[in-house]
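Source file: start-v4.cif (mmCIF, C-alpha atoms and all ligand atoms; chains and numbers go by the auth columns)
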```
data_start
loop_
_atom_site.group_PDB
_atom_site.id
_atom_site.type_symbol
_atom_site.label_atom_id
_atom_site.label_comp_id
_atom_site.label_asym_id
_atom_site.label_seq_id
_atom_site.Cartn_x
_atom_site.Cartn_y
_atom_site.Cartn_z
_atom_site.B_iso_or_equiv
_atom_site.auth_seq_id
_atom_site.auth_asym_id
ATOM 1 C CA MET A 1 12.738 2.475 -6.705 0.00 939 A
ATOM 2 C CA ILE A 2 9.816 1.556 -4.467 0.00 940 A
ATOM 3 C CA LEU A 3 6.302 2.387 -5.568 0.00 941 A
ATOM 4 C CA VAL A 4 3.752 3.377 -2.912 0.00 942 A
ATOM 5 C CA LEU A 5 0.199 2.988 -4.204 0.00 943 A
ATOM 6 C CA ASN A 6 -2.842 4.174 -2.292 0.00 944 A
ATOM 7 C CA GLY A 7 -6.311 3.173 -3.391 0.00 945 A
ATOM 8 C CA PRO A 8 -9.815 4.597 -3.097 0.00 946 A
ATOM 9 C CA ASN A 9 -10.729 7.228 -0.536 0.00 947 A
ATOM 10 C CA LEU A 10 -7.177 7.550 0.746 0.00 948 A
ATOM 11 C CA ASN A 11 -7.020 10.977 -0.923 0.00 949 A
ATOM 12 C CA LEU A 12 -9.324 12.005 1.948 0.00 950 A
ATOM 13 C CA LEU A 13 -6.829 11.018 4.649 0.00 951 A
ATOM 14 C CA GLY A 14 -6.695 13.494 7.509 0.00 952 A
ATOM 15 C CA ARG A 15 -10.347 14.450 7.062 0.00 953 A
ATOM 16 C CA ARG A 16 -11.879 11.023 6.615 0.00 954 A
ATOM 17 C CA GLU A 17 -13.004 9.274 9.833 0.00 955 A
ATOM 18 C CA PRO A 18 -9.924 10.553 11.708 0.00 956 A
ATOM 19 C CA GLU A 19 -10.726 8.371 14.717 0.00 957 A
ATOM 20 C CA ILE A 20 -9.991 5.379 12.464 0.00 958 A
ATOM 21 C CA TYR A 21 -7.501 6.652 9.903 0.00 959 A
ATOM 22 C CA GLY A 22 -5.752 9.402 11.902 0.00 960 A
ATOM 23 C CA THR A 23 -5.174 13.044 11.090 0.00 961 A
ATOM 24 C CA THR A 24 -2.163 12.715 8.791 0.00 962 A
ATOM 25 C CA THR A 25 -3.025 13.842 5.267 0.00 963 A
ATOM 26 C CA LEU A 26 -2.102 11.868 2.159 0.00 964 A
ATOM 27 C CA ALA A 27 0.415 14.573 1.220 0.00 965 A
ATOM 28 C CA GLU A 28 2.081 14.257 4.638 0.00 966 A
ATOM 29 C CA LEU A 29 2.076 10.477 4.413 0.00 967 A
ATOM 30 C CA GLU A 30 3.650 10.578 0.964 0.00 968 A
ATOM 31 C CA THR A 31 6.313 13.041 2.134 0.00 969 A
ATOM 32 C CA SER A 32 7.206 10.743 5.029 0.00 970 A
ATOM 33 C CA CYS A 33 7.449 7.776 2.633 0.00 971 A
ATOM 34 C CA VAL A 34 9.822 9.708 0.349 0.00 972 A
ATOM 35 C CA GLU A 35 11.891 10.760 3.391 0.00 973 A
ATOM 36 C CA ALA A 36 12.031 7.174 4.634 0.00 974 A
ATOM 37 C CA GLY A 37 13.311 6.162 1.215 0.00 975 A
ATOM 38 C CA ARG A 38 15.951 8.897 1.257 0.00 976 A
ATOM 39 C CA GLU A 39 17.235 7.655 4.639 0.00 977 A
ATOM 40 C CA LEU A 40 17.350 4.117 3.267 0.00 978 A
ATOM 41 C CA GLY A 41 18.959 5.144 -0.016 0.00 979 A
ATOM 42 C CA VAL A 42 16.042 4.192 -2.235 0.00 980 A
ATOM 43 C CA ASP A 43 13.785 6.360 -4.400 0.00 981 A
ATOM 44 C CA VAL A 44 10.124 6.249 -3.402 0.00 982 A
ATOM 45 C CA VAL A 45 7.410 7.204 -5.881 0.00 983 A
ATOM 46 C CA CYS A 46 3.879 7.709 -4.470 0.00 984 A
ATOM 47 C CA ARG A 47 0.573 7.580 -6.319 0.00 985 A
ATOM 48 C CA GLN A 48 -3.087 7.455 -5.364 0.00 986 A
ATOM 49 C CA SER A 49 -6.144 6.524 -7.375 0.00 987 A
ATOM 50 C CA ASN A 50 -9.804 5.910 -6.684 0.00 988 A
ATOM 51 C CA HIS A 51 -9.952 3.622 -9.730 0.00 989 A
ATOM 52 C CA GLU A 52 -9.361 -0.111 -9.695 0.00 990 A
ATOM 53 C CA GLY A 53 -8.097 -0.244 -13.287 0.00 991 A
ATOM 54 C CA GLN A 54 -5.565 2.512 -12.662 0.00 992 A
ATOM 55 C CA LEU A 55 -4.129 0.619 -9.691 0.00 993 A
ATOM 56 C CA ILE A 56 -3.916 -2.495 -11.859 0.00 994 A
ATOM 57 C CA ASP A 57 -2.150 -0.578 -14.642 0.00 995 A
ATOM 58 C CA TRP A 58 0.406 0.780 -12.168 0.00 996 A
ATOM 59 C CA LEU A 59 1.036 -2.731 -10.819 0.00 997 A
ATOM 60 C CA HIS A 60 1.522 -4.053 -14.374 0.00 998 A
ATOM 61 C CA GLY A 61 3.960 -1.244 -15.118 0.00 999 A
ATOM 62 C CA ALA A 62 5.922 -1.532 -11.878 0.00 1000 A
ATOM 63 C CA ALA A 63 8.725 -3.723 -13.260 0.00 1001 A
ATOM 64 C CA SER A 64 9.257 -1.675 -16.411 0.00 1002 A
ATOM 65 C CA GLU A 65 9.350 1.493 -14.305 0.00 1003 A
ATOM 66 C CA GLY A 66 12.179 -0.091 -12.345 0.00 1004 A
ATOM 67 C CA ALA A 67 10.331 -0.763 -9.092 0.00 1005 A
ATOM 68 C CA SER A 68 11.944 -3.354 -6.826 0.00 1006 A
ATOM 69 C CA GLY A 69 8.871 -3.453 -4.621 0.00 1007 A
ATOM 70 C CA VAL A 70 5.382 -2.037 -4.203 0.00 1008 A
ATOM 71 C CA VAL A 71 3.700 -0.877 -1.007 0.00 1009 A
ATOM 72 C CA LEU A 72 -0.029 -1.084 -1.665 0.00 1010 A
ATOM 73 C CA ASN A 73 -2.941 0.115 0.407 0.00 1011 A
ATOM 74 C CA PRO A 74 -5.809 -1.162 -1.749 0.00 1012 A
ATOM 75 C CA GLY A 75 -8.447 0.497 0.458 0.00 1013 A
ATOM 76 C CA ALA A 76 -11.760 -1.318 0.143 0.00 1014 A
ATOM 77 C CA TYR A 77 -10.615 -3.061 -3.054 0.00 1015 A
ATOM 78 C CA ALA A 78 -8.734 -5.417 -0.737 0.00 1016 A
ATOM 79 C CA HIS A 79 -12.102 -6.833 0.269 0.00 1017 A
ATOM 80 C CA THR A 80 -13.726 -6.918 -3.160 0.00 1018 A
ATOM 81 C CA SER A 81 -11.305 -7.086 -6.058 0.00 1019 A
ATOM 82 C CA ILE A 82 -10.282 -10.398 -7.584 0.00 1020 A
ATOM 83 C CA ALA A 83 -8.864 -8.359 -10.476 0.00 1021 A
ATOM 84 C CA LEU A 84 -6.465 -6.580 -8.128 0.00 1022 A
ATOM 85 C CA ARG A 85 -5.427 -9.874 -6.551 0.00 1023 A
ATOM 86 C CA ASP A 86 -4.779 -11.343 -9.997 0.00 1024 A
ATOM 87 C CA ALA A 87 -2.702 -8.300 -10.972 0.00 1025 A
ATOM 88 C CA ILE A 88 -0.520 -8.745 -7.877 0.00 1026 A
ATOM 89 C CA ALA A 89 -0.194 -12.480 -8.524 0.00 1027 A
ATOM 90 C CA GLY A 90 0.655 -11.801 -12.156 0.00 1028 A
ATOM 91 C CA ILE A 91 3.713 -9.607 -11.579 0.00 1029 A
ATOM 92 C CA GLU A 92 7.187 -10.512 -10.367 0.00 1030 A
ATOM 93 C CA VAL A 93 7.649 -7.387 -8.264 0.00 1031 A
ATOM 94 C CA PRO A 94 6.935 -8.115 -4.571 0.00 1032 A
ATOM 95 C CA VAL A 95 3.961 -6.315 -3.068 0.00 1033 A
ATOM 96 C CA VAL A 96 3.400 -5.569 0.626 0.00 1034 A
ATOM 97 C CA GLU A 97 -0.192 -4.758 1.547 0.00 1035 A
ATOM 98 C CA VAL A 98 -0.652 -2.027 4.126 0.00 1036 A
ATOM 99 C CA HIS A 99 -3.761 -1.019 6.031 0.00 1037 A
ATOM 100 C CA LEU A 100 -3.726 1.928 8.380 0.00 1038 A
ATOM 101 C CA SER A 101 -6.405 0.414 10.592 0.00 1039 A
ATOM 102 C CA ASN A 102 -6.561 -3.038 12.126 0.00 1040 A
ATOM 103 C CA VAL A 103 -9.059 -4.445 9.668 0.00 1041 A
ATOM 104 C CA HIS A 104 -9.470 -7.557 11.836 0.00 1042 A
ATOM 105 C CA ALA A 105 -10.788 -5.493 14.718 0.00 1043 A
ATOM 106 C CA ARG A 106 -13.427 -3.842 12.528 0.00 1044 A
ATOM 107 C CA GLU A 107 -16.543 -4.933 10.624 0.00 1045 A
ATOM 108 C CA ARG A 108 -16.660 -8.533 9.496 0.00 1046 A
ATOM 109 C CA PHE A 109 -16.550 -7.606 5.797 0.00 1047 A
ATOM 110 C CA ARG A 110 -13.092 -6.121 6.364 0.00 1048 A
ATOM 111 C CA HIS A 111 -11.662 -9.313 7.871 0.00 1049 A
ATOM 112 C CA ARG A 112 -11.120 -10.902 4.482 0.00 1050 A
ATOM 113 C CA SER A 113 -8.585 -9.443 2.089 0.00 1051 A
ATOM 114 C CA LEU A 114 -8.680 -10.951 -1.387 0.00 1052 A
ATOM 115 C CA SER A 115 -5.435 -9.228 -2.317 0.00 1053 A
ATOM 116 C CA ALA A 116 -3.388 -10.151 0.769 0.00 1054 A
ATOM 117 C CA GLY A 117 -2.923 -13.766 -0.307 0.00 1055 A
ATOM 118 C CA ALA A 118 -1.087 -12.631 -3.426 0.00 1056 A
ATOM 119 C CA CYS A 119 1.202 -10.325 -1.441 0.00 1057 A
ATOM 120 C CA LEU A 120 4.550 -11.016 0.154 0.00 1058 A
ATOM 121 C CA GLY A 121 3.196 -9.842 3.484 0.00 1059 A
ATOM 122 C CA ILE A 122 0.814 -7.461 5.152 0.00 1060 A
ATOM 123 C CA VAL A 123 0.983 -4.695 7.737 0.00 1061 A
ATOM 124 C CA ALA A 124 -2.272 -3.649 9.377 0.00 1062 A
ATOM 125 C CA GLY A 125 -3.300 -1.500 12.296 0.00 1063 A
ATOM 126 C CA LEU A 126 -0.066 0.422 12.810 0.00 1064 A
ATOM 127 C CA GLY A 127 -1.202 3.664 11.173 0.00 1065 A
ATOM 128 C CA THR A 128 1.124 5.635 8.924 0.00 1066 A
ATOM 129 C CA PRO A 129 4.320 4.064 10.412 0.00 1067 A
ATOM 130 C CA GLY A 130 3.158 0.843 8.751 0.00 1068 A
ATOM 131 C CA TYR A 131 4.143 2.299 5.381 0.00 1069 A
ATOM 132 C CA ARG A 132 7.638 2.992 6.634 0.00 1070 A
ATOM 133 C CA LEU A 133 7.972 -0.563 7.928 0.00 1071 A
ATOM 134 C CA ALA A 134 6.937 -1.898 4.528 0.00 1072 A
ATOM 135 C CA ILE A 135 9.388 0.400 2.695 0.00 1073 A
ATOM 136 C CA ASP A 136 12.153 -0.572 5.101 0.00 1074 A
ATOM 137 C CA TYR A 137 11.441 -4.260 4.527 0.00 1075 A
ATOM 138 C CA LEU A 138 11.349 -3.982 0.735 0.00 1076 A
ATOM 139 C CA ALA A 139 14.534 -1.881 0.664 0.00 1077 A
ATOM 140 C CA SER A 140 16.449 -4.364 2.808 0.00 1078 A
ATOM 141 C CA ARG A 141 15.066 -7.283 0.791 0.00 1079 A
ATOM 142 C CA ARG A 142 16.369 -5.692 -2.382 0.00 1080 A
ATOM 143 C CA GLU A 143 19.791 -5.220 -0.757 0.00 1081 A
ATOM 144 C CA ARG A 144 19.853 -8.857 0.371 0.00 1082 A
ATOM 145 C CA GLN A 145 18.978 -10.004 -3.135 0.00 1083 A
ATOM 146 C CA GLN A 146 21.696 -7.801 -4.605 0.00 1084 A
ATOM 147 C CA GLY A 147 24.079 -9.373 -2.113 0.00 1085 A
ATOM 148 C CA GLY A 148 24.630 -6.045 -0.358 0.00 1086 A
HETATM 149 C C1 LIG B . -8.527 1.628 4.097 0.00 1101 A
HETATM 150 C C2 LIG B . -9.781 1.619 3.596 0.00 1101 A
HETATM 151 O O1 LIG B . -10.189 2.569 2.768 0.00 1101 A
HETATM 152 C C3 LIG B . -10.776 0.599 3.989 0.00 1101 A
HETATM 153 O O2 LIG B . -11.701 0.332 2.975 0.00 1101 A
HETATM 154 C C4 LIG B . -10.114 -0.686 4.442 0.00 1101 A
HETATM 155 C C5 LIG B . -7.983 0.511 4.886 0.00 1101 A
HETATM 156 C C6 LIG B . -9.040 -0.392 5.467 0.00 1101 A
HETATM 157 C C7 LIG B . -6.968 1.004 5.898 0.00 1101 A
HETATM 158 O O3 LIG B . -7.093 0.705 7.086 0.00 1101 A
HETATM 159 O O4 LIG B . -6.016 1.674 5.497 0.00 1101 A
HETATM 160 O O5 LIG B . -11.086 -1.563 4.955 0.00 1101 A
#
```

The structure given in the file should be rewritten as structure tokens.
Amino acid sequence: MILVLNGPNLNLLGRREPEIYGTTTLAELETSCVEAGRELGVDVVCRQSNHEGQLIDWLHGAASEGASGVVLNPGAYAHTSIALRDAIAGIEVPVVEVHLSNVHARERFRHRSLSAGACLGIVAGLGTPGYRLAIDYLASRRERQQGG
């Protein structure tokens, strides 16, 4: 199973600054993630929260839920949350950080991600297809590790 976690304000996708984040809604994004998983033969479970502690709890529970990887868009917590970074660093399950927008082409305060350094890798600026790339990567990584 691959867990897809979206952080604060991503529940507003589709309506929120569409020139930056696009017009795809969170529900549509989550459906496309589940479909990508189906094509790849892996279950995808999607969740969203506006609360830092909830995201941390889901990360802590990822292994016991059977997740082989986590796709995480931390939203603005990427730029502010040492607690989120520590949660990622503290679990065995690999995490790929995804940003819809190219954070490096935006305001200076978005250039630094505290969480990214604890992640396996990052995808930024590719819009919703970035999630699919991350799922694809984590699914094939799991297969490689299982010797498949
Ligand atoms: C989403 C957010 O909510 C912002 O706070 C980040 C990220 C960028 C995104 O591009 O998906 O700065």

With only C-alpha atoms and all ligand atoms counted, collect every polymer residue having an atom within 6 Å of ligand LIG 1101 (chain A); state the result as a PyMOL selection string.
chain A and resi 947+1013-1014+1037-1039+1041+1048

Quick check, in Å to one decimal: how far apart do atom CA of Ala1043 of chain A and atom CA of Ser970 of chain A lie?
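Going from atom CA of Ala1043 of chain A over to atom CA of Ser970 of chain A covers 26.1 Å.
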
As number ranges by chain, please: the residues near Val1031 of chain A (cut-off 12 Å, all atoms listed in the file, same-chain neighbours under 6 positions excluded).
A: 939-941, 996-1010, 1025, 1056-1058, 1076, 1079-1080

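Interatomic distance, atom CA of Asp1074 of chain A against atom CA of Thr1018 of chain A: 27.9 Å.
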
In the coordinate frame of the file, compute which residues have an atom within 12 Å of (-10.4, -4.9, 7.2) when using only C-alpha atoms, and state them as a count of residues only.
33

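When atom CA of Leu951 of chain A is paired with atom CA of Leu964 of chain A, their separation reads 5.4 Å.
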
Applied to this file, what does the PyMOL selection byres (((chain A and resi 978) around 12) and not hetatm) return in terms of residues, put as number ranges by chain?
A: 939-940, 971-977, 979-982, 1070-1071, 1073-1081
